[in-house]
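Here is run.cif, consisting of mmCIF, C-alpha atoms and all ligand atoms:
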```cif
data_target
#
loop_
_atom_site.label_atom_id
_atom_site.label_comp_id
_atom_site.auth_asym_id
_atom_site.auth_seq_id
_atom_site.Cartn_x
_atom_site.Cartn_y
_atom_site.Cartn_z
CA MET I 513 1.50 -17.29 15.12
CA ARG I 514 4.50 -17.59 12.83
CA VAL I 515 3.80 -15.13 10.00
CA LEU I 516 5.57 -14.98 6.64
CA LEU I 517 5.38 -11.32 5.54
CA THR I 518 6.52 -10.44 2.01
CA GLY I 519 7.52 -6.83 1.28
CA VAL I 520 8.67 -6.41 4.89
CA ALA I 521 11.30 -3.73 4.10
CA GLY I 522 8.70 -1.45 2.57
CA PHE I 523 6.63 1.32 4.08
CA LEU I 524 3.54 -0.70 5.02
CA GLY I 525 5.27 -4.07 5.45
CA SER I 526 7.65 -2.73 8.11
CA HIS I 527 4.78 -1.14 10.08
CA LEU I 528 2.76 -4.36 9.88
CA ALA I 529 5.79 -6.35 11.11
CA ASP I 530 5.99 -4.05 14.15
CA ARG I 531 2.30 -4.53 14.89
CA LEU I 532 2.45 -8.32 14.55
CA ILE I 533 5.48 -8.52 16.86
CA ALA I 534 3.80 -6.19 19.36
CA GLU I 535 0.80 -8.57 19.39
CA GLY I 536 3.12 -11.47 20.32
CA HIS I 537 3.51 -13.12 16.90
CA SER I 538 6.81 -13.92 15.23
CA VAL I 539 7.56 -12.58 11.75
CA ILE I 540 9.67 -14.07 9.00
CA GLY I 541 10.17 -11.10 6.71
CA LEU I 542 10.97 -11.52 3.03
CA ASP I 543 12.09 -8.81 0.60
CA ASN I 544 14.42 -8.20 -2.35
CA PHE I 545 14.77 -4.44 -1.61
CA ILE I 546 13.65 -3.40 -5.09
CA THR I 547 11.72 -0.45 -3.64
CA GLY I 548 12.19 -1.13 0.07
CA ASN I 549 14.65 0.27 2.55
CA LYS I 550 16.92 -1.69 4.92
CA GLU I 551 16.64 1.16 7.44
CA ASN I 552 12.96 0.29 7.94
CA LEU I 553 14.15 -2.94 9.59
CA ASP I 554 17.15 -1.64 11.58
CA HIS I 555 15.17 -1.49 14.82
CA LEU I 556 14.25 -5.19 14.52
CA ALA I 557 17.87 -6.41 14.42
CA GLY I 558 18.42 -8.85 17.29
CA ASN I 559 14.69 -9.26 17.98
CA ASP I 560 14.03 -12.97 18.64
CA ASN I 561 10.61 -12.69 17.04
CA PHE I 562 11.98 -11.44 13.72
CA SER I 563 14.02 -13.10 11.02
CA PHE I 564 14.71 -12.04 7.45
CA ILE I 565 15.06 -13.79 4.09
CA ARG I 566 16.38 -11.85 1.12
CA HIS I 567 14.42 -13.25 -1.79
CA ASP I 568 12.41 -12.34 -4.89
CA VAL I 569 8.80 -13.52 -4.48
CA ALA I 570 8.63 -14.19 -8.20
CA ASN I 571 10.80 -17.27 -7.50
CA PHE I 572 9.77 -20.39 -5.55
CA ILE I 573 9.68 -19.57 -1.84
CA PHE I 574 11.12 -21.98 0.71
CA VAL I 575 10.69 -21.23 4.40
CA PRO I 576 12.16 -23.56 7.06
CA GLY I 577 9.76 -24.48 9.89
CA ASP I 578 5.99 -24.13 10.16
CA ILE I 579 4.02 -21.12 8.97
CA ASP I 580 0.57 -20.14 10.33
CA TYR I 581 -0.10 -17.08 8.18
CA VAL I 582 1.21 -15.72 4.86
CA VAL I 583 0.78 -11.99 4.23
CA HIS I 584 1.69 -10.87 0.71
CA PHE I 585 2.67 -7.18 0.55
CA ALA I 586 5.62 -7.36 -1.87
CA SER I 587 5.11 -5.14 -4.92
CA PRO I 588 6.34 -1.83 -6.24
CA ALA I 589 3.59 0.66 -5.31
CA SER I 590 4.39 4.12 -6.68
CA PRO I 591 2.75 5.06 -10.00
CA ASN I 592 5.11 8.00 -10.67
CA PRO I 593 6.95 7.54 -14.01
CA THR I 594 9.44 10.29 -13.09
CA SER I 595 10.82 8.14 -10.22
CA PRO I 596 13.08 5.14 -10.95
CA LEU I 597 11.09 3.37 -8.20
CA GLY I 598 7.76 4.00 -9.93
CA TYR I 599 6.13 0.88 -11.35
CA PRO I 600 5.95 2.32 -14.89
CA ASN I 601 9.76 1.97 -14.75
CA LEU I 602 9.60 -1.53 -13.18
CA PRO I 603 6.85 -2.97 -15.38
CA ILE I 604 7.95 -6.60 -15.61
CA GLN I 605 8.97 -6.78 -11.93
CA THR I 606 5.56 -5.36 -10.97
CA LEU I 607 3.65 -7.87 -13.08
CA LYS I 608 5.77 -10.69 -11.66
CA ALA I 609 5.39 -9.59 -8.00
CA GLY I 610 1.60 -9.43 -8.39
CA ALA I 611 1.18 -12.56 -10.49
CA LEU I 612 4.03 -15.02 -9.81
CA GLY I 613 4.63 -13.57 -6.32
CA THR I 614 1.00 -14.11 -5.36
CA HIS I 615 1.12 -17.63 -6.82
CA ASN I 616 4.24 -18.53 -4.84
CA SER I 617 2.87 -16.94 -1.63
CA LEU I 618 -0.40 -18.84 -2.00
CA GLY I 619 1.68 -21.97 -2.61
CA VAL I 620 3.36 -21.49 0.78
CA ALA I 621 -0.06 -21.02 2.42
CA ARG I 622 -1.29 -24.22 0.79
CA ALA I 623 1.81 -26.25 1.71
CA TYR I 624 1.63 -25.22 5.39
CA LYS I 625 -2.20 -25.05 5.62
CA ALA I 626 -1.66 -21.44 6.63
CA LYS I 627 -4.06 -18.49 6.42
CA PHE I 628 -3.40 -15.92 3.70
CA LEU I 629 -3.90 -12.18 3.24
CA LEU I 630 -3.35 -10.31 -0.03
CA ALA I 631 -2.52 -6.59 -0.14
CA SER I 632 -4.63 -5.40 -3.04
CA THR I 633 -5.35 -1.81 -3.98
CA SER I 634 -7.90 0.85 -4.89
CA GLU I 635 -6.14 0.80 -8.28
CA ILE I 636 -8.17 -2.25 -9.22
CA TYR I 637 -11.05 0.25 -9.63
CA GLY I 638 -8.93 2.17 -12.21
CA ASP I 639 -10.27 5.64 -13.10
CA PRO I 640 -13.59 4.98 -11.36
CA LEU I 641 -16.99 5.69 -12.87
CA GLU I 642 -18.68 4.97 -9.52
CA HIS I 643 -18.02 7.28 -6.58
CA PRO I 644 -17.25 6.55 -3.79
CA GLN I 645 -16.00 3.06 -4.61
CA LYS I 646 -17.77 0.10 -3.00
CA GLU I 647 -16.20 -3.38 -3.09
CA THR I 648 -18.94 -4.44 -5.52
CA TYR I 649 -17.75 -1.91 -8.15
CA ARG I 650 -15.88 -3.74 -10.93
CA GLY I 651 -13.66 -0.90 -12.05
CA ASN I 652 -12.59 1.00 -15.14
CA VAL I 653 -9.06 -0.15 -15.95
CA ASP I 654 -7.18 0.37 -19.22
CA PRO I 655 -5.59 -3.07 -19.73
CA ILE I 656 -2.67 -1.68 -21.75
CA GLY I 657 -2.14 1.71 -20.06
CA THR I 658 1.12 2.47 -18.23
CA ARG I 659 -0.58 1.73 -14.89
CA SER I 660 -1.93 -1.59 -16.12
CA VAL I 661 1.19 -3.50 -15.01
CA TYR I 662 0.13 -2.79 -11.44
CA ASP I 663 -3.66 -2.73 -11.79
CA GLU I 664 -3.95 -5.91 -13.82
CA ALA I 665 -1.38 -7.77 -11.70
CA LYS I 666 -3.43 -6.94 -8.60
CA ARG I 667 -6.66 -7.94 -10.34
CA PHE I 668 -5.04 -11.24 -11.30
CA ALA I 669 -3.79 -11.59 -7.70
CA GLU I 670 -7.34 -11.17 -6.38
CA ALA I 671 -8.65 -13.74 -8.87
CA LEU I 672 -5.90 -16.19 -7.91
CA THR I 673 -6.56 -15.67 -4.20
CA MET I 674 -10.28 -16.42 -4.66
CA ALA I 675 -9.42 -19.45 -6.82
CA TYR I 676 -7.19 -20.86 -4.05
CA HIS I 677 -9.95 -20.11 -1.56
CA ARG I 678 -12.68 -21.80 -3.59
CA PHE I 679 -10.69 -24.65 -5.14
CA HIS I 680 -8.04 -25.43 -2.49
CA ASN I 681 -10.05 -24.27 0.56
CA ILE I 682 -7.31 -21.84 1.61
CA ASP I 683 -8.45 -19.46 4.36
CA THR I 684 -7.86 -16.19 2.47
CA ARG I 685 -8.49 -12.46 2.88
CA ILE I 686 -8.12 -9.50 0.49
CA VAL I 687 -7.55 -5.92 1.61
CA ARG I 688 -8.01 -3.14 -0.96
CA ILE I 689 -5.74 -0.42 0.35
CA PHE I 690 -6.44 3.23 -0.56
CA ASN I 691 -3.73 5.94 -0.52
CA THR I 692 -1.81 5.63 2.74
CA TYR I 693 0.99 7.84 4.03
CA GLY I 694 3.25 8.20 7.04
CA PRO I 695 6.81 7.75 8.29
CA ARG I 696 9.04 5.24 6.39
CA MET I 697 7.78 6.18 2.94
CA ARG I 698 10.81 6.57 0.71
CA LEU I 699 11.77 10.15 -0.04
CA ASP I 700 12.39 9.27 -3.66
CA ASP I 701 9.48 6.96 -4.51
CA GLY I 702 7.57 9.79 -6.19
CA ARG I 703 4.24 9.51 -4.36
CA VAL I 704 2.53 12.79 -3.69
CA VAL I 705 2.84 13.04 0.10
CA PRO I 706 6.65 12.54 0.30
CA ASN I 707 7.13 14.72 -2.79
CA PHE I 708 5.12 17.63 -1.37
CA ILE I 709 6.54 17.40 2.16
CA GLN I 710 10.14 17.40 1.00
CA GLN I 711 9.57 20.24 -1.48
CA ALA I 712 7.89 22.31 1.26
CA LEU I 713 10.68 21.56 3.75
CA ARG I 714 13.23 22.76 1.19
CA GLY I 715 11.21 25.93 0.60
CA GLU I 716 10.52 24.97 -3.02
CA PRO I 717 7.23 25.24 -4.93
CA LEU I 718 5.19 22.03 -4.89
CA THR I 719 4.87 20.30 -8.26
CA ILE I 720 1.28 19.54 -9.21
CA TYR I 721 0.71 17.20 -12.14
CA GLY I 722 -2.22 18.51 -14.17
CA ASP I 723 -4.53 21.18 -12.79
CA GLY I 724 -4.69 19.63 -9.31
CA THR I 725 -8.46 19.10 -9.35
CA GLN I 726 -7.96 15.33 -9.20
CA THR I 727 -8.81 13.98 -5.74
CA ARG I 728 -7.53 11.33 -3.37
CA SER I 729 -8.48 10.19 0.15
CA PHE I 730 -5.45 9.76 2.39
CA CYS I 731 -5.23 7.37 5.35
CA TYR I 732 -2.61 7.60 8.09
CA VAL I 733 -0.52 4.44 8.38
CA ASN I 734 -1.55 3.58 11.98
CA ASP I 735 -5.24 3.56 11.00
CA LEU I 736 -4.45 1.39 7.96
CA ILE I 737 -2.46 -1.14 9.98
CA GLU I 738 -5.28 -1.40 12.52
CA GLY I 739 -7.72 -2.21 9.70
CA VAL I 740 -5.37 -4.78 8.15
CA TYR I 741 -4.77 -6.44 11.51
CA ARG I 742 -8.51 -6.68 12.21
CA LEU I 743 -9.06 -8.21 8.77
CA MET I 744 -6.25 -10.72 9.41
CA MET I 745 -7.99 -11.80 12.61
CA SER I 746 -11.45 -11.99 11.01
CA ASP I 747 -12.86 -14.85 8.96
CA TYR I 748 -14.11 -12.64 6.12
CA HIS I 749 -13.10 -13.75 2.61
CA GLU I 750 -14.51 -11.07 0.30
CA PRO I 751 -12.37 -7.97 -0.45
CA VAL I 752 -12.51 -5.13 2.10
CA ASN I 753 -11.68 -1.48 1.35
CA ILE I 754 -9.41 0.08 3.98
CA GLY I 755 -8.82 3.80 3.64
CA ASN I 756 -9.94 7.18 4.88
CA PRO I 757 -13.06 8.54 3.10
CA ASP I 758 -11.96 12.15 3.77
CA GLU I 759 -11.41 13.27 0.14
CA ILE I 760 -9.18 16.21 -0.87
CA SER I 761 -8.01 17.65 -4.20
CA ILE I 762 -4.29 17.60 -4.96
CA CYS I 763 -4.40 21.45 -4.92
CA GLY I 764 -6.01 21.25 -1.46
CA LEU I 765 -3.28 18.88 -0.30
CA ALA I 766 -0.58 21.24 -1.61
CA GLU I 767 -2.11 24.18 0.28
CA LEU I 768 -2.39 22.16 3.48
CA VAL I 769 1.24 20.95 3.33
CA ASN I 770 2.50 24.48 2.62
CA GLU I 771 0.45 25.84 5.54
CA LEU I 772 1.62 23.19 8.02
CA ILE I 773 5.29 23.63 7.06
CA GLY I 774 5.08 27.40 6.59
CA ASN I 775 6.32 27.24 3.00
CA GLN I 776 5.88 30.53 1.15
CA ALA I 777 6.96 29.16 -2.25
CA GLY I 778 3.44 28.13 -3.32
CA THR I 779 2.73 25.60 -6.03
CA VAL I 780 3.65 25.12 -9.64
CA ILE I 781 1.90 23.14 -12.35
CA LYS I 782 4.65 20.80 -13.46
CA LEU I 783 2.89 19.03 -16.28
CA ALA I 784 0.16 20.51 -18.47
CA LYS I 785 -1.75 17.24 -18.30
CA ARG I 786 -2.29 14.69 -15.59
CA LEU I 787 -0.02 11.65 -15.70
CA PRO I 788 -1.22 8.94 -18.10
CA SER I 789 -4.18 6.96 -16.67
CA ASP I 790 -4.07 9.13 -13.49
CA PRO I 791 -7.48 8.54 -11.83
CA MET I 792 -9.57 11.72 -11.57
CA LYS I 793 -11.08 10.87 -8.20
CA ARG I 794 -10.84 8.26 -5.51
CA GLN I 795 -12.71 7.73 -2.27
CA PRO I 796 -13.35 4.45 -0.43
CA ASP I 797 -16.81 3.43 0.68
CA ILE I 798 -15.87 1.82 4.01
CA THR I 799 -19.32 0.54 5.00
CA ARG I 800 -18.05 -3.05 4.75
CA ALA I 801 -15.03 -2.39 7.01
CA ARG I 802 -17.29 -0.63 9.51
CA THR I 803 -19.76 -3.52 9.52
CA VAL I 804 -17.45 -6.53 9.33
CA LEU I 805 -14.41 -5.26 11.24
CA ASP I 806 -15.95 -2.49 13.37
CA TRP I 807 -13.15 -0.34 11.93
CA GLU I 808 -12.94 3.24 10.80
CA PRO I 809 -10.04 5.69 10.66
CA SER I 810 -9.54 7.96 13.67
CA ILE I 811 -6.64 10.20 12.60
CA THR I 812 -7.40 13.37 10.62
CA PHE I 813 -5.27 14.33 7.64
CA ARG I 814 -3.91 17.35 9.52
CA GLU I 815 -2.91 15.16 12.53
CA GLY I 816 -1.36 12.52 10.29
CA LEU I 817 0.67 15.06 8.31
CA LEU I 818 1.92 16.63 11.54
CA ALA I 819 3.06 13.17 12.65
CA THR I 820 4.77 12.52 9.29
CA ILE I 821 6.60 15.81 8.66
CA PRO I 822 9.23 15.30 11.44
CA TYR I 823 10.25 11.97 9.86
CA PHE I 824 11.04 13.65 6.54
CA ARG I 825 12.66 16.62 8.29
CA GLN I 826 15.03 14.20 10.03
CA LYS I 827 15.74 12.24 6.82
CA LEU I 828 16.57 15.45 4.98
CA GLN I 829 18.51 16.78 7.99
CA LEU I 830 16.59 20.06 7.77
P1 LIG I 901 6.87 -0.14 -0.73
O1 LIG I 901 7.47 0.01 -2.06
O2 LIG I 901 7.33 0.75 0.36
O3 LIG I 901 7.00 -1.64 -0.20
C1 LIG I 901 6.94 -2.76 -1.06
C2 LIG I 901 8.02 -3.74 -0.64
O4 LIG I 901 7.95 -4.91 -1.46
C3 LIG I 901 9.44 -3.17 -0.80
O5 LIG I 901 10.20 -3.39 0.37
C4 LIG I 901 10.00 -3.95 -1.99
O6 LIG I 901 11.40 -4.07 -1.97
C5 LIG I 901 9.26 -5.28 -1.85
N1 LIG I 901 9.19 -6.03 -3.09
C6 LIG I 901 8.71 -5.61 -4.29
N2 LIG I 901 8.82 -6.58 -5.22
C7 LIG I 901 9.38 -7.65 -4.58
C8 LIG I 901 9.75 -8.95 -4.99
N3 LIG I 901 9.60 -9.36 -6.25
N4 LIG I 901 10.26 -9.80 -4.07
C9 LIG I 901 10.44 -9.41 -2.78
N5 LIG I 901 10.12 -8.18 -2.34
C10 LIG I 901 9.61 -7.30 -3.23
O7 LIG I 901 5.28 0.02 -0.92
P2 LIG I 901 4.11 0.08 0.17
O8 LIG I 901 3.43 1.38 0.05
O9 LIG I 901 4.61 -0.36 1.50
O10 LIG I 901 3.11 -1.02 -0.42
C11 LIG I 901 3.04 -2.33 0.15
C12 LIG I 901 1.86 -3.08 -0.46
O11 LIG I 901 0.65 -2.36 -0.23
C13 LIG I 901 1.98 -3.26 -1.97
O12 LIG I 901 1.51 -4.56 -2.32
C14 LIG I 901 1.06 -2.20 -2.54
O13 LIG I 901 0.53 -2.59 -3.76
C15 LIG I 901 -0.01 -2.12 -1.46
N6 LIG I 901 -0.68 -0.81 -1.46
C16 LIG I 901 -0.10 0.28 -0.89
C17 LIG I 901 -0.76 1.51 -0.94
C18 LIG I 901 -0.18 2.75 -0.27
O14 LIG I 901 -0.83 3.81 -0.34
N7 LIG I 901 0.95 2.71 0.39
C19 LIG I 901 -1.99 1.62 -1.56
C20 LIG I 901 -2.54 0.49 -2.16
C21 LIG I 901 -1.88 -0.74 -2.08
N1 LIG I 902 1.03 14.15 -7.91
C1 LIG I 902 1.37 15.48 -8.06
N2 LIG I 902 2.67 15.85 -7.79
C2 LIG I 902 3.62 14.97 -7.37
C3 LIG I 902 3.26 13.62 -7.20
C4 LIG I 902 1.95 13.23 -7.49
O1 LIG I 902 0.54 16.31 -8.43
O2 LIG I 902 4.77 15.41 -7.14
C5 LIG I 902 -0.37 13.74 -8.16
C6 LIG I 902 -0.53 12.52 -9.07
O3 LIG I 902 -0.54 12.91 -10.43
C7 LIG I 902 -1.88 11.97 -8.60
C8 LIG I 902 -1.89 12.28 -7.11
O4 LIG I 902 -0.92 13.32 -6.91
O5 LIG I 902 -2.94 12.66 -9.23
C9 LIG I 902 -1.56 11.10 -6.22
O6 LIG I 902 -0.37 10.53 -6.70
P1 LIG I 902 0.41 9.33 -5.97
O7 LIG I 902 1.62 9.06 -6.79
O8 LIG I 902 0.64 9.63 -4.53
O9 LIG I 902 -0.56 8.04 -6.01
P2 LIG I 902 -1.87 7.57 -6.83
O10 LIG I 902 -3.01 7.93 -5.96
O11 LIG I 902 -1.93 8.26 -8.16
O12 LIG I 902 -1.70 6.10 -6.95
#
```
Rewrite the coordinates I just gave you, this time as structure tokens.
Amino acid sequence: MRVLLTGVAGFLGSHLADRLIAEGHSVIGLDNFITGNKENLDHLAGNDNFSFIRHDVANFIFVPGDIDYVVHFASPASPNPTSPLGYPNLPIQTLKAGALGTHNSLGVARAYKAKFLLASTSEIYGDPLEHPQKETYRGNVDPIGTRSVYDEAKRFAEALTMAYHRFHNIDTRIVRIFNTYGPRMRLDDGRVVPNFIQQALRGEPLTIYGDGTQTRSFCYVNDLIEGVYRLMMSDYHEPVNIGNPDEISICGLAELVNELIGNQAGTVIKLAKRLPSDPMKRQPDITRARTVLDWEPSITFREGLLATIPYFRQKLQL
């Protein structure tokens, strides 16, 4: 297949490009580098099955030649307001990537009669009142909170995807991605795993926002990409959660990172309160992925962190 992949210079987009090329497909990657990193694509330079278009998905997308599949991953993804790359600091760009970017990407799929996959998110469940979160849960999102630029854009993107599926008969899929980590995350994007690993490698205390009792469920990137690839190859149109149900508190994560890196500096509560609209807990119910895709994660958090730490060590030259 010839696959148009938006957000290709990002953490997940670059890993998905590698997987698609390894499976024998060719990838036309598109990105405007707003939160991505050119280095994530260095290894693809000169590869006949890869080409790149520098473009903002919020604007009309033109791709020369036929397209068989459109995969829309372009969007800022870090909620951290203390990072310039966090979507609270890119609010209009985030709304446009999720809304106009999804519209333009679906437009390409329609023009070429291509299949389509949307990268959605566990954030569409907001600060969930149902736990763990099944795909049937409708969420608890503050429509005007600082996270709403991301959450509501993704909710709109899901609605638009289903509208194109129902009204234009586009062959669509929606993956709801839960917290994923691994090599190629940006050091400075403010998400908790890169923040904690780099603080531990520098021998600094880890900064916990709030009291650290909030929980997340972290999935290693290889497991996530396997789930996304299986969904791409399936003919399932309803949203599918992909994530690791192994839930841990942010305090627990801090202790684990300090133990694995041997950091004696401990932790420090950076902010008296959690970040605004910071969900208290999050865990995917992956029954649907198990049933429809025969998928479940296979890499433990400990194994995944041990595979991720050397990447950050090398980036920091420590
Ligand atoms: P990332 O920031 O590393 O990658 C996003 C990429 O999209 C970047 O390369 C960025 O430059 C590009 N981009 C953003 N806006 C664009 C625009 N207007 N035009 C062109 N390119 C643009 O983030 P990521 O973690 O790789 O996330 C990728 C996708 O997966 C996003 O849609 C995100 O919402 C979704 N997701 C990720 C996670 C996670 O834990 N990593 C969780 C849920 C959902
Ligand atoms: N967090 C933290 N310290 C940091 C970065 C994040 O305590 O340096 C917390 C954050 O407040 C949230 C959790 O870790 O409760 C996960 O944050 P992340 O930005 O990775 O993504 P989220 O799951 O909130 O989208």
Check your understanding: What does the distance from atom CA of I:Gly764 to atom CA of I:Gly548 come to in Å, to one decimal?
Key ->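 Computing the Euclidean distance for atom CA of I:Gly764 and atom CA of I:Gly548 yields 28.9 Å.
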Practice item. May I ask which of the residues I:Glu771, I:Leu718, I:Arg622, I:Asp797 is the closest one to I:Phe679, counting only C-alpha atoms? Key: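 Closest candidate: I:Arg622.
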Point to revise | Nearest residue to ligand LIG 901 (chain I) from the set I:His749, I:Arg703, I:His567, I:Arg814 (distances using all atoms listed in the file) | key: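 Ranked by minimum distance to ligand LIG 901 (chain I), first place goes to I:His567.
Nearest to I:Ala521 of all the residues I:Lys550, I:Arg728, I:Arg825, I:His537 is I:Lys550, counting only C-alpha atoms.
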Box in all listed atoms of ligand LIG 902 (chain I), axis-aligned, with 3 Å more on each side; write out centre and edge lengths in Å to one decimal as lines of an AutoDock Vina configuration file.
```
center_x = 0.9
center_y = 11.2
center_z = -7.5
size_x = 13.8
size_y = 16.2
size_z = 11.9
```
Check your understanding: Which residue gives the smallest distance to ligand LIG 902 (chain I) among I:Asn544, I:Asn601, I:Ser595, I:Asn707, with only C-alpha atoms and all ligand atoms counted?
Key ->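 Residue with the minimum atom-to-atom distance to ligand LIG 902 (chain I): I:Asn707.
Residue nearest I:Gly577 within the list I:Leu516, I:Tyr662, I:Arg742, I:Gln826: I:Leu516 [criterion: smallest interatomic distance, only C-alpha atoms].
Across the model, the gap from atom C13 of ligand LIG 901 (chain I) to atom CA of I:Pro791 is 18.1 Å.
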Quick one: contact table of chain I to ligand LIG 902 (chain I), 6 Å max, nearest atom pair and distance in Å to one decimal per residue, counting all atoms listed in the file, chain and number order, as a Markdown table?
```
| residue | atom | partner | partner_atom | distance |
| --- | --- | --- | --- | --- |
| I:Ser590 | CA | I:LIG902 | O7 | 5.7 |
| I:Pro591 | CA | I:LIG902 | O7 | 5.3 |
| I:Asn592 | CA | I:LIG902 | O7 | 5.3 |
| I:Asn691 | CA | I:LIG902 | O10 | 5.8 |
| I:Gly702 | CA | I:LIG902 | C3 | 5.9 |
| I:Arg703 | CA | I:LIG902 | O7 | 3.6 |
| I:Val704 | CA | I:LIG902 | C3 | 3.7 |
| I:Asn707 | CA | I:LIG902 | O2 | 5.0 |
| I:Thr719 | CA | I:LIG902 | N2 | 5.0 |
| I:Ile720 | CA | I:LIG902 | O1 | 3.4 |
| I:Tyr721 | CA | I:LIG902 | O1 | 3.8 |
| I:Gln726 | CA | I:LIG902 | O5 | 5.7 |
| I:Ile762 | CA | I:LIG902 | O4 | 5.8 |
| I:Arg786 | CA | I:LIG902 | O3 | 5.7 |
| I:Leu787 | CA | I:LIG902 | O3 | 5.4 |
| I:Asp790 | CA | I:LIG902 | O5 | 5.6 |
```
Point to revise | Selected residue, from I:Lys827, I:Glu647, I:Ile737, I:Gly722, that lies nearest to I:Ile781 when counting all atoms listed in the file | key: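 Checking each of I:Lys827, I:Glu647, I:Ile737, I:Gly722 against I:Ile781, counting all atoms listed in the file, the winner is I:Gly722.
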Can you tell me which residues sit at most 6 Å away from ligand LIG 901 (chain I), counting only C-alpha atoms and all ligand atoms, written as an mmCIF file with C-alpha atoms, in the frame of the given file?
```cif
data_model
loop_
_atom_site.group_PDB
_atom_site.id
_atom_site.type_symbol
_atom_site.label_atom_id
_atom_site.label_comp_id
_atom_site.auth_asym_id
_atom_site.auth_seq_id
_atom_site.Cartn_x
_atom_site.Cartn_y
_atom_site.Cartn_z
ATOM 1 C CA GLY I 519 7.520 -6.830 1.280
ATOM 2 C CA VAL I 520 8.670 -6.410 4.890
ATOM 3 C CA ALA I 521 11.300 -3.730 4.100
ATOM 4 C CA GLY I 522 8.700 -1.450 2.570
ATOM 5 C CA PHE I 523 6.630 1.320 4.080
ATOM 6 C CA LEU I 524 3.540 -0.700 5.020
ATOM 7 C CA GLY I 525 5.270 -4.070 5.450
ATOM 8 C CA ASP I 543 12.090 -8.810 0.600
ATOM 9 C CA ASN I 544 14.420 -8.200 -2.350
ATOM 10 C CA PHE I 545 14.770 -4.440 -1.610
ATOM 11 C CA ILE I 546 13.650 -3.400 -5.090
ATOM 12 C CA THR I 547 11.720 -0.450 -3.640
ATOM 13 C CA GLY I 548 12.190 -1.130 0.070
ATOM 14 C CA HIS I 567 14.420 -13.250 -1.790
ATOM 15 C CA ASP I 568 12.410 -12.340 -4.890
ATOM 16 C CA VAL I 569 8.800 -13.520 -4.480
ATOM 17 C CA ALA I 570 8.630 -14.190 -8.200
ATOM 18 C CA PHE I 585 2.670 -7.180 0.550
ATOM 19 C CA ALA I 586 5.620 -7.360 -1.870
ATOM 20 C CA SER I 587 5.110 -5.140 -4.920
ATOM 21 C CA PRO I 588 6.340 -1.830 -6.240
ATOM 22 C CA ALA I 589 3.590 0.660 -5.310
ATOM 23 C CA ALA I 609 5.390 -9.590 -8.000
ATOM 24 C CA ALA I 631 -2.520 -6.590 -0.140
ATOM 25 C CA SER I 632 -4.630 -5.400 -3.040
ATOM 26 C CA THR I 633 -5.350 -1.810 -3.980
ATOM 27 C CA ILE I 689 -5.740 -0.420 0.350
ATOM 28 C CA PHE I 690 -6.440 3.230 -0.560
ATOM 29 C CA ASN I 691 -3.730 5.940 -0.520
ATOM 30 C CA THR I 692 -1.810 5.630 2.740
#
```
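Going from atom CA of I:Ile565 to atom CA of I:Thr518 covers 9.4 Å.
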Residues near I:Ser746, anyone? I mean within 10 Å using all atoms listed in the file, not counting same-chain ones fewer than 4 positions away, as a tab-separated table (two decimals) with C-alpha atoms, keeping the file's coordinate frame.
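Saved the output as selection-v3.tsv:
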```tsv
chain	number	residue	atom	x	y	z
I	685	ARG	CA	-8.49	-12.46	2.88
I	740	VAL	CA	-5.37	-4.78	8.15
I	741	TYR	CA	-4.77	-6.44	11.51
I	742	ARG	CA	-8.51	-6.68	12.21
I	804	VAL	CA	-17.45	-6.53	9.33
I	805	LEU	CA	-14.41	-5.26	11.24
```
